[in-house]
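Asker: Once you've had a glance at the structure underneath, I'll fire off some questions.
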Amino acid sequence: MIIAANPDQLVKPRKGETRVGETMIFLKAKDWQAALGKLKKEVRFCLIGIPECVGVMGNHGRPGTQHAWDCFLRAFCNIQSNRYLRGNQICVLGAVNIDAIQEKADALDSASDYYFQKLHLLCEEVDEMVENVLTEVKAAGLIPIVIGGGHNNSYPIIKACAAVAHKKKVNAINLDAHADFRALEGRHSGNGFSYARQKKCLNRYFAFGLHQSYNSENMLKSMDADEQVKYSFLENITYLESMLADAVSFVVDDMIECGIEVDMDAIRMMPSSAMSPSGVSLEQARLFVRQCAKSLSPAYLHLPEAAPNEESEKLMVGKALSYLVADFVKAIVHR
């Protein structure tokens with residue numbers, strides 16, 4: 001179920017320095033469930049990769065999201081462990097082993113009958129695997145940090161967090177160009193939040209920084225009809241911090257944790273499944289993560305949709321994801 005990460009293949013030591021990868025706890029694949037329950041109290045965060053693009057393919061997106069986890073891990077393991085961020089607060093579970101499902105998706109003929117329906121069924125298999133792993137992580141009292149894959153994984157992550165939550169539901173705030181609130185037409189990366197609302201595991205949802213030209217009228221009407229869902233548009237943002245404060249006020253709740261989502265599509269020119277020349281800067285995305293982590297009771301951090309294919313893209317994606325994860329951890333530890 002889990003593909004463990006090997007620090008010996010990731011960390012590049014340098015004399016006189018301590019890298020985060022040298023102090024993080026790397027779990028073994030064969031006994032990861034038992035190991036979660038034996039972690040020291042200082043360990044608060046759990047890194048989990050989802051190397052798949054099944055949901056993205058099922059939503060007509062650009063493949064490559066299966067590469068984001070490895071790019072992130074190679075970059076993050078080699079940032080400095082210092083007074084601002086210490087690796088001993090983080091464990092690395094590894095990647096959910098979705099290889100067999102991804103191979104089935106890759107083998108499908110895109111010209112065949114019911115191609116997308118077949119992908120949607122495979123996405124349901126991904127849902128089940130991700131939910132099972134995330135449930136174990138949340139039950140161990142850790143904050144999951146989930147990297148890679150498509151935004152389809154928001155649904156099983158939310159389901160897992162809600163299953164162990166006191167009120168059996170969570171809120172979510174999502175920095176995204178697209179609301180991912182499409183019709184319940186079969187599972188893919190464009191309808192994770194609508195499925196979560198339908199299953200009542202998602203309580204309140206705020207989609208922040210949507211692009212007016214890339215959200216259908218039907219989807220906007222569907223969100224307008226749900227009083228537990230709100231959204232804002234990138235085109236209307238003048239002072240980001242002020243508008244973000246309004247969004248946070250909608251999802252903040254002392255009794256209900258809130259998932260923090262950053263679709264990498266939202267960041268201008270980021271190699272992703274729907275890369276765009278327009279969007280927020282990486283600095284603004286980092287501010288979003290920091291402010292949400294400080295103001296909310298985070299259920300998880302989810303960073304999907306980065307789709308690096310070229311070597312230069314992999315370097316950029318790895319560092320961008322590392323900045324966002326480091327900001328999230330520091331904001332919680334130092335608040």
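In the structure tokens, chains take the letters A, B, ... in the order shown, each chain's residues start at 1, and ligands count up from 1 in the order shown.
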Which neighbours of range 275-287 of chain A fall inside 7 Å, counting only C-alpha atoms, when residues of the same chain fewer than 6 positions from it are skipped, and could you give them as a list of chain:residue names?
Answerer: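 My list of contacting residues is A:Asp265, A:Ala266, A:Ile267, A:Arg268, A:Met269, A:Leu324, A:Asp327.
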Asker: List every residue of range 48-131 of chain A that has an atom at most 6 Å from any atom of range 145-155 of chain A, giving for each one its closest atom pair and the distance in Å to one decimal, counting only C-alpha atoms, sorted by chain and then by ascending residue number, as JSON lines.
Answerer:
```
{"residue": "A:Ile48", "atom": "CA", "partner": "A:Val146", "partner_atom": "CA", "distance": 4.9}
{"residue": "A:Gly49", "atom": "CA", "partner": "A:Ile147", "partner_atom": "CA", "distance": 4.9}
{"residue": "A:Ile50", "atom": "CA", "partner": "A:Gly148", "partner_atom": "CA", "distance": 5.2}
{"residue": "A:Pro51", "atom": "CA", "partner": "A:Gly149", "partner_atom": "CA", "distance": 5.3}
{"residue": "A:Glu52", "atom": "CA", "partner": "A:Gly149", "partner_atom": "CA", "distance": 4.7}
{"residue": "A:Cys53", "atom": "CA", "partner": "A:Gly149", "partner_atom": "CA", "distance": 5.5}
{"residue": "A:Gly55", "atom": "CA", "partner": "A:Asn152", "partner_atom": "CA", "distance": 5.6}
{"residue": "A:Val56", "atom": "CA", "partner": "A:Gly150", "partner_atom": "CA", "distance": 5.4}
{"residue": "A:Thr65", "atom": "CA", "partner": "A:Gly149", "partner_atom": "CA", "distance": 4.8}
{"residue": "A:Gln66", "atom": "CA", "partner": "A:Gly149", "partner_atom": "CA", "distance": 5.5}
{"residue": "A:Ala68", "atom": "CA", "partner": "A:Gly148", "partner_atom": "CA", "distance": 4.9}
{"residue": "A:Trp69", "atom": "CA", "partner": "A:Gly148", "partner_atom": "CA", "distance": 5.1}
```
Asker: Using 9 Å as the limit and counting only C-alpha atoms, can you tabulate each residue of range 239-329 of chain A that touches range 171-186 of chain A, with its shortest atom-to-atom distance in Å and the two atoms involved, as a tab-separated table?
Answerer:
```
residue	atom	partner	partner_atom	distance
A:Ala247	CA	A:Ile173	CA	7.8
A:Val248	CA	A:Ile173	CA	7.6
A:Val251	CA	A:Asn171	CA	6.0
A:Val252	CA	A:Asn171	CA	8.0
A:Asp253	CA	A:Asn171	CA	8.5
A:Ile256	CA	A:Asn171	CA	6.8
A:Glu257	CA	A:Asn171	CA	6.3
A:Cys258	CA	A:Asn171	CA	4.4
A:Gly259	CA	A:Ala172	CA	4.5
A:Ile260	CA	A:Ile173	CA	5.4
A:Glu261	CA	A:Asn174	CA	4.5
A:Val262	CA	A:Leu175	CA	4.8
A:Asp263	CA	A:Asp176	CA	5.2
A:Met264	CA	A:Asp176	CA	7.6
A:Asp265	CA	A:Ala177	CA	6.5
A:Ala266	CA	A:Asp176	CA	4.8
A:Ile267	CA	A:Asp176	CA	8.4
A:Gly279	CA	A:Ala177	CA	7.5
A:Ala285	CA	A:Leu175	CA	7.8
A:Phe288	CA	A:Leu175	CA	7.8
A:Cys292	CA	A:Ile173	CA	8.4
A:Ala299	CA	A:Asn171	CA	8.5
```
Asker: Using only C-alpha atoms, can you tell me which of A:Arg44, A:Arg290, A:Arg335, A:Lys12 comes closest to Phe76 in chain A?
Answerer: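 The answer is A:Lys12, which sits nearest to Phe76 in chain A.
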Asker: Determine the nearest neighbour of Asp8 in chain A from the options A:Cys77, A:Phe45, A:Ile157, A:Lys28, counting only C-alpha atoms.
Answerer: A:Cys77
Asker: Write out as number ranges by chain each polymer residue whose atoms come within 12 Å of Glu42 in chain A, counting only C-alpha atoms; drop sequence neighbours fewer than 6 positions from it.
Answerer: A: 24-25, 86-91, 141-142, 333
Asker: Go ahead and write the residues just picked, all heavy atoms, as a JSON list (two decimals), in the first residue's frame.
Answerer:
```json
[["chain", "number", "residue", "atom", "x", "y", "z"],
["A", 24, "MET", "N", 14.40, 14.32, 9.60],
["A", 24, "MET", "CA", 13.03, 13.80, 9.50],
["A", 24, "MET", "C", 13.02, 12.30, 9.81],
["A", 24, "MET", "O", 14.03, 11.62, 9.65],
["A", 24, "MET", "CB", 12.45, 14.03, 8.11],
["A", 24, "MET", "CG", 12.12, 15.48, 7.80],
["A", 24, "MET", "SD", 11.09, 15.69, 6.32],
["A", 24, "MET", "CE", 12.16, 15.03, 5.04],
["A", 25, "ILE", "N", 11.86, 11.80, 10.20],
["A", 25, "ILE", "CA", 11.69, 10.37, 10.48],
["A", 25, "ILE", "C", 11.09, 9.71, 9.24],
["A", 25, "ILE", "O", 9.99, 10.07, 8.80],
["A", 25, "ILE", "CB", 10.78, 10.14, 11.70],
["A", 25, "ILE", "CG1", 11.43, 10.69, 12.97],
["A", 25, "ILE", "CG2", 10.49, 8.66, 11.88],
["A", 25, "ILE", "CD1", 11.13, 12.14, 13.25],
["A", 86, "ARG", "N", 12.59, 22.60, 11.84],
["A", 86, "ARG", "CA", 13.38, 21.43, 12.24],
["A", 86, "ARG", "C", 12.72, 20.16, 11.70],
["A", 86, "ARG", "O", 11.52, 19.95, 11.85],
["A", 86, "ARG", "CB", 13.50, 21.37, 13.76],
["A", 86, "ARG", "CG", 14.21, 22.58, 14.36],
["A", 86, "ARG", "CD", 14.57, 22.37, 15.80],
["A", 86, "ARG", "NE", 15.16, 23.58, 16.39],
["A", 86, "ARG", "CZ", 16.42, 23.95, 16.23],
["A", 86, "ARG", "NH1", 17.23, 23.20, 15.51],
["A", 86, "ARG", "NH2", 16.88, 25.05, 16.78],
["A", 87, "GLY", "N", 13.52, 19.33, 11.10],
["A", 87, "GLY", "CA", 12.99, 18.13, 10.48],
["A", 87, "GLY", "C", 12.42, 17.12, 11.45],
["A", 87, "GLY", "O", 11.60, 16.28, 11.07],
["A", 88, "ASN", "N", 12.82, 17.18, 12.74],
["A", 88, "ASN", "CA", 12.35, 16.16, 13.69],
["A", 88, "ASN", "C", 10.87, 16.32, 14.05],
["A", 88, "ASN", "O", 10.33, 15.52, 14.79],
["A", 88, "ASN", "CB", 13.20, 16.16, 14.96],
["A", 88, "ASN", "CG", 13.20, 17.50, 15.69],
["A", 88, "ASN", "OD1", 12.47, 18.42, 15.31],
["A", 88, "ASN", "ND2", 14.01, 17.61, 16.72],
["A", 89, "GLN", "N", 10.22, 17.36, 13.51],
["A", 89, "GLN", "CA", 8.78, 17.53, 13.72],
["A", 89, "GLN", "C", 7.96, 16.86, 12.62],
["A", 89, "GLN", "O", 6.74, 16.89, 12.64],
["A", 89, "GLN", "CB", 8.45, 19.02, 13.77],
["A", 89, "GLN", "CG", 9.15, 19.76, 14.90],
["A", 89, "GLN", "CD", 9.14, 21.27, 14.69],
["A", 89, "GLN", "OE1", 9.19, 21.77, 13.57],
["A", 89, "GLN", "NE2", 9.06, 22.01, 15.78],
["A", 90, "ILE", "N", 8.66, 16.26, 11.65],
["A", 90, "ILE", "CA", 8.01, 15.73, 10.45],
["A", 90, "ILE", "C", 8.40, 14.27, 10.23],
["A", 90, "ILE", "O", 9.56, 13.91, 10.35],
["A", 90, "ILE", "CB", 8.44, 16.55, 9.21],
["A", 90, "ILE", "CG1", 8.18, 18.05, 9.43],
["A", 90, "ILE", "CG2", 7.74, 16.05, 7.96],
["A", 90, "ILE", "CD1", 8.88, 18.93, 8.41],
["A", 91, "CYS", "N", 7.41, 13.45, 9.90],
["A", 91, "CYS", "CA", 7.71, 12.09, 9.45],
["A", 91, "CYS", "C", 7.33, 11.96, 7.98],
["A", 91, "CYS", "O", 6.45, 12.66, 7.48],
["A", 91, "CYS", "CB", 6.99, 11.04, 10.30],
["A", 91, "CYS", "SG", 5.22, 10.92, 10.02],
["A", 141, "GLY", "N", -3.22, 11.08, 15.04],
["A", 141, "GLY", "CA", -3.11, 12.44, 15.58],
["A", 141, "GLY", "C", -2.16, 13.35, 14.82],
["A", 141, "GLY", "O", -1.78, 14.42, 15.33],
["A", 142, "LEU", "N", -1.79, 12.96, 13.60],
["A", 142, "LEU", "CA", -0.86, 13.76, 12.80],
["A", 142, "LEU", "C", -1.61, 14.64, 11.81],
["A", 142, "LEU", "O", -2.76, 14.37, 11.44],
["A", 142, "LEU", "CB", 0.08, 12.83, 12.03],
["A", 142, "LEU", "CG", 0.97, 11.92, 12.88],
["A", 142, "LEU", "CD1", 1.65, 10.89, 12.01],
["A", 142, "LEU", "CD2", 2.00, 12.74, 13.65],
["A", 333, "VAL", "N", 3.87, 25.74, 13.85],
["A", 333, "VAL", "CA", 4.80, 25.55, 14.97],
["A", 333, "VAL", "C", 5.05, 26.84, 15.74],
["A", 333, "VAL", "O", 5.16, 26.85, 16.96],
["A", 333, "VAL", "CB", 6.13, 24.96, 14.46],
["A", 333, "VAL", "CG1", 7.20, 24.99, 15.54],
["A", 333, "VAL", "CG2", 5.93, 23.54, 13.95]]
```
Asker: To one decimal place, how far is CA of Gln117 in chain A from CA of Gly192 in chain A in Å?
Answerer: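 Pair CA of Gln117 in chain A / CA of Gly192 in chain A returns 16.0 Å.
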Asker: Find the spatial neighbours of Asp106 in chain A, counting only C-alpha atoms, within a cut-off of 12 Å - ignore same-chain residues fewer than 2 positions away - and output them as an NGL selection string.
Answerer: :A and (52-58 or 63-64 or 66 or 99-104 or 108-110 or 115 or 118-119 or 122)
Asker: Which is closer to Cys123 in chain A than all the others in A:His67, A:Lys330, A:His188, A:Lys230, using only C-alpha atoms?
Answerer: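 Of A:His67, A:Lys330, A:His188, A:Lys230, the one nearest Cys123 in chain A is A:His188, counting only C-alpha atoms.
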